[in-house]
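Coordinates as given in final.cif (mmCIF, C-alpha atoms):
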```
data_coords
#
loop_
_atom_site.group_PDB
_atom_site.id
_atom_site.type_symbol
_atom_site.label_atom_id
_atom_site.label_comp_id
_atom_site.auth_asym_id
_atom_site.auth_seq_id
_atom_site.Cartn_x
_atom_site.Cartn_y
_atom_site.Cartn_z
ATOM 1 C CA MET A 219 -12.902 41.395 -15.447
ATOM 2 C CA LYS A 220 -15.342 43.776 -13.767
ATOM 3 C CA THR A 221 -17.990 42.710 -16.283
ATOM 4 C CA LEU A 222 -17.421 39.044 -15.422
ATOM 5 C CA VAL A 223 -17.848 39.731 -11.698
ATOM 6 C CA LEU A 224 -21.008 41.740 -12.354
ATOM 7 C CA THR A 225 -22.343 38.923 -14.538
ATOM 8 C CA PHE A 226 -21.608 36.446 -11.756
ATOM 9 C CA CYS A 227 -23.439 38.654 -9.250
ATOM 10 C CA LYS A 228 -26.474 38.864 -11.529
ATOM 11 C CA LEU A 229 -26.401 35.094 -12.027
ATOM 12 C CA ARG A 230 -26.105 34.595 -8.275
ATOM 13 C CA ARG A 231 -29.129 36.808 -7.625
ATOM 14 C CA SER A 232 -31.179 35.169 -10.352
ATOM 15 C CA LEU A 233 -30.436 31.682 -9.027
ATOM 16 C CA ASN A 234 -31.375 32.884 -5.530
ATOM 17 C CA PHE A 235 -28.931 30.878 -3.455
ATOM 18 C CA SER A 236 -28.685 32.540 -0.101
ATOM 19 C CA LYS A 237 -27.074 29.850 2.020
ATOM 20 C CA ILE A 238 -24.365 27.675 0.558
ATOM 21 C CA LEU A 239 -24.217 24.306 2.247
ATOM 22 C CA ILE A 240 -22.141 21.890 0.224
ATOM 23 C CA MET A 241 -19.598 24.060 -1.569
ATOM 24 C CA ASP A 242 -16.463 22.142 -2.451
ATOM 25 C CA LEU A 243 -14.108 25.088 -2.175
ATOM 26 C CA GLY A 244 -11.154 23.034 -0.925
ATOM 27 C CA THR A 245 -11.188 20.766 -3.955
ATOM 28 C CA VAL A 246 -11.384 23.744 -6.312
ATOM 29 C CA ILE A 247 -8.391 25.369 -4.591
ATOM 30 C CA LYS A 248 -6.453 22.090 -4.745
ATOM 31 C CA ASN A 249 -7.211 21.511 -8.439
ATOM 32 C CA ILE A 250 -6.201 25.036 -9.469
ATOM 33 C CA ARG A 251 -3.034 24.855 -7.346
ATOM 34 C CA LYS A 252 -2.109 21.579 -9.023
ATOM 35 C CA GLU A 253 -2.833 23.061 -12.482
ATOM 36 C CA LYS A 254 -0.268 25.726 -11.599
ATOM 37 C CA ARG A 255 2.154 22.938 -10.648
ATOM 38 C CA GLN A 256 2.694 24.150 -7.101
ATOM 39 C CA THR A 257 3.183 21.892 -4.130
ATOM 40 C CA GLN A 258 1.173 22.418 -0.977
ATOM 41 C CA SER A 259 4.305 23.642 0.785
ATOM 42 C CA GLU A 260 5.150 26.168 -1.948
ATOM 43 C CA PHE A 261 1.613 27.474 -2.170
ATOM 44 C CA ALA A 262 1.113 27.627 1.591
ATOM 45 C CA ALA A 263 4.283 29.698 1.932
ATOM 46 C CA LEU A 264 3.027 32.133 -0.733
ATOM 47 C CA CYS A 265 -0.248 32.485 1.175
ATOM 48 C CA GLY A 266 1.390 32.894 4.578
ATOM 49 C CA ILE A 267 -0.204 29.756 6.029
ATOM 50 C CA THR A 268 1.152 26.378 7.022
ATOM 51 C CA GLN A 269 1.145 23.388 4.718
ATOM 52 C CA THR A 270 -0.953 21.540 7.305
ATOM 53 C CA TYR A 271 -3.594 24.263 7.298
ATOM 54 C CA LEU A 272 -3.666 24.323 3.480
ATOM 55 C CA SER A 273 -4.084 20.550 3.477
ATOM 56 C CA GLN A 274 -7.052 20.890 5.839
ATOM 57 C CA ILE A 275 -8.591 23.591 3.629
ATOM 58 C CA GLU A 276 -8.110 21.499 0.488
ATOM 59 C CA GLY A 277 -9.627 18.504 2.254
ATOM 60 C CA ASN A 278 -12.646 20.611 3.254
ATOM 61 C CA LEU A 279 -11.804 19.972 6.908
ATOM 62 C CA LYS A 280 -11.258 23.657 7.756
ATOM 63 C CA GLU A 281 -13.090 26.735 6.557
ATOM 64 C CA PRO A 282 -10.606 29.566 6.065
ATOM 65 C CA ASN A 283 -11.499 33.102 7.085
ATOM 66 C CA LEU A 284 -12.099 35.758 4.465
ATOM 67 C CA SER A 285 -8.597 37.234 4.628
ATOM 68 C CA THR A 286 -7.060 33.790 4.037
ATOM 69 C CA LEU A 287 -9.456 33.175 1.148
ATOM 70 C CA LYS A 288 -8.478 36.511 -0.381
ATOM 71 C CA GLU A 289 -4.791 35.593 -0.112
ATOM 72 C CA ILE A 290 -5.430 32.177 -1.677
ATOM 73 C CA SER A 291 -7.454 33.801 -4.448
ATOM 74 C CA LEU A 292 -4.713 36.349 -5.094
ATOM 75 C CA ASN A 293 -2.021 33.668 -5.304
ATOM 76 C CA LEU A 294 -4.141 31.459 -7.559
ATOM 77 C CA ASP A 295 -4.771 34.520 -9.742
ATOM 78 C CA VAL A 296 -8.492 33.739 -9.711
ATOM 79 C CA PRO A 297 -11.023 36.196 -8.234
ATOM 80 C CA LEU A 298 -12.718 34.984 -5.072
ATOM 81 C CA PRO A 299 -16.261 35.058 -6.543
ATOM 82 C CA ILE A 300 -15.007 32.775 -9.313
ATOM 83 C CA LEU A 301 -13.610 30.312 -6.763
ATOM 84 C CA PHE A 302 -16.982 30.330 -5.025
ATOM 85 C CA PHE A 303 -18.855 29.751 -8.277
ATOM 86 C CA LEU A 304 -16.563 26.895 -9.327
ATOM 87 C CA SER A 305 -17.176 25.212 -5.989
ATOM 88 C CA LEU A 306 -20.966 25.247 -6.243
ATOM 89 C CA ASN A 307 -22.864 21.993 -6.333
ATOM 90 C CA ASP A 308 -26.410 21.724 -7.645
ATOM 91 C CA GLN A 309 -27.498 21.000 -4.071
ATOM 92 C CA ASP A 310 -26.289 24.493 -3.121
ATOM 93 C CA ILE A 311 -28.999 25.958 -5.352
ATOM 94 C CA SER A 312 -32.619 26.222 -4.307
ATOM 95 C CA PRO A 313 -34.723 23.467 -5.909
ATOM 96 C CA GLU A 314 -36.753 25.845 -8.056
ATOM 97 C CA LYS A 315 -33.561 27.263 -9.606
ATOM 98 C CA ARG A 316 -31.602 24.025 -10.128
ATOM 99 C CA GLU A 317 -32.714 23.446 -13.695
ATOM 100 C CA ALA A 318 -31.433 26.883 -14.729
ATOM 101 C CA PHE A 319 -28.205 26.276 -12.829
ATOM 102 C CA GLU A 320 -27.691 22.893 -14.488
ATOM 103 C CA ILE A 321 -28.185 24.492 -17.906
ATOM 104 C CA LEU A 322 -25.955 27.534 -17.291
ATOM 105 C CA SER A 323 -23.264 26.069 -15.069
ATOM 106 C CA PRO A 324 -21.294 24.021 -17.649
ATOM 107 C CA THR A 325 -21.126 26.948 -20.072
ATOM 108 C CA VAL A 326 -20.099 29.413 -17.388
ATOM 109 C CA LYS A 327 -17.532 27.003 -15.928
ATOM 110 C CA ASN A 328 -16.032 26.408 -19.395
ATOM 111 C CA PHE A 329 -15.820 30.157 -19.968
ATOM 112 C CA ILE A 330 -14.150 30.628 -16.589
ATOM 113 C CA SER A 331 -11.701 27.800 -17.267
ATOM 114 C CA ASP A 332 -10.737 29.281 -20.610
ATOM 115 C CA PHE A 333 -10.534 32.858 -19.357
ATOM 116 C CA PHE A 334 -8.556 32.158 -16.167
ATOM 117 C CA GLU A 335 -6.691 29.132 -17.536
ATOM 118 C CA VAL A 336 -7.782 26.890 -14.655
#
```

Write the structure described by the file as structure tokens, please.
Amino acid sequence: MKTLVLTFCKLRRSLNFSKILIMDLGTVIKNIRKEKRQTQSEFAALCGITQTYLSQIEGNLKEPNLSTLKEISLNLDVPLPILFFLSLNDQDISPEKREAFEILSPTVKNFISDFFEV
């Protein structure tokens, strides 16, 4: 697990994305929650937030703070850096690094999906 996080950090540095603009974190959270067959109400209760707030997060209407993201990550059983990576869009990557991202991203996302069963 530590190796995977370190690999992600190296990939992040090599792709040089400093400001993430279009991340689709809410959709990633929603999809993983649904894969785990949890309702919004059940999952919100586990995370200590309201179902309404979770709905807003999943709809990308609200940006949760770091402590809420950590709790969501913990309850999804997926490390937070992995959630961030899964939510990246090619527009989040600087233009000079997009080609590398487009080549690497499907392989990395498949590995993550297999490893974390998401």

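If only C-alpha atoms are the atoms counted, then among A:Cys265, A:Gln274, A:Phe303, A:Glu253 the closest residue to A:Thr286 is A:Cys265.
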
TODO: Give as a list in words each residue that has an atom at most 12 Å from (-6.8, 34.3, 7.0) in the file, counting all atoms listed in the file.
DONE: Ala262, Cys265, Gly266, Ile267, Thr268, Tyr271, Leu272, Ile275, Lys280, Glu281, Pro282, Asn283, Leu284, Ser285, Thr286, Leu287, Lys288, Glu289, Ile290 and Ser291 of chain A

TODO: Taking the file as shown, find all residues satisfying the PyMOL selection byres ((chain A and resi 324-336) around 8) and write them as an MDAnalysis selection string.
DONE: chainID A and resid 250 253 295:296 300 304 320:323

TODO: Mind giving me the straight-line distance from atom CA of A:Asn249 to atom CA of A:Ser312 in Å, one decimal?
DONE: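 Answer for the atom CA of A:Asn249 to atom CA of A:Ser312 separation: 26.2 Å.
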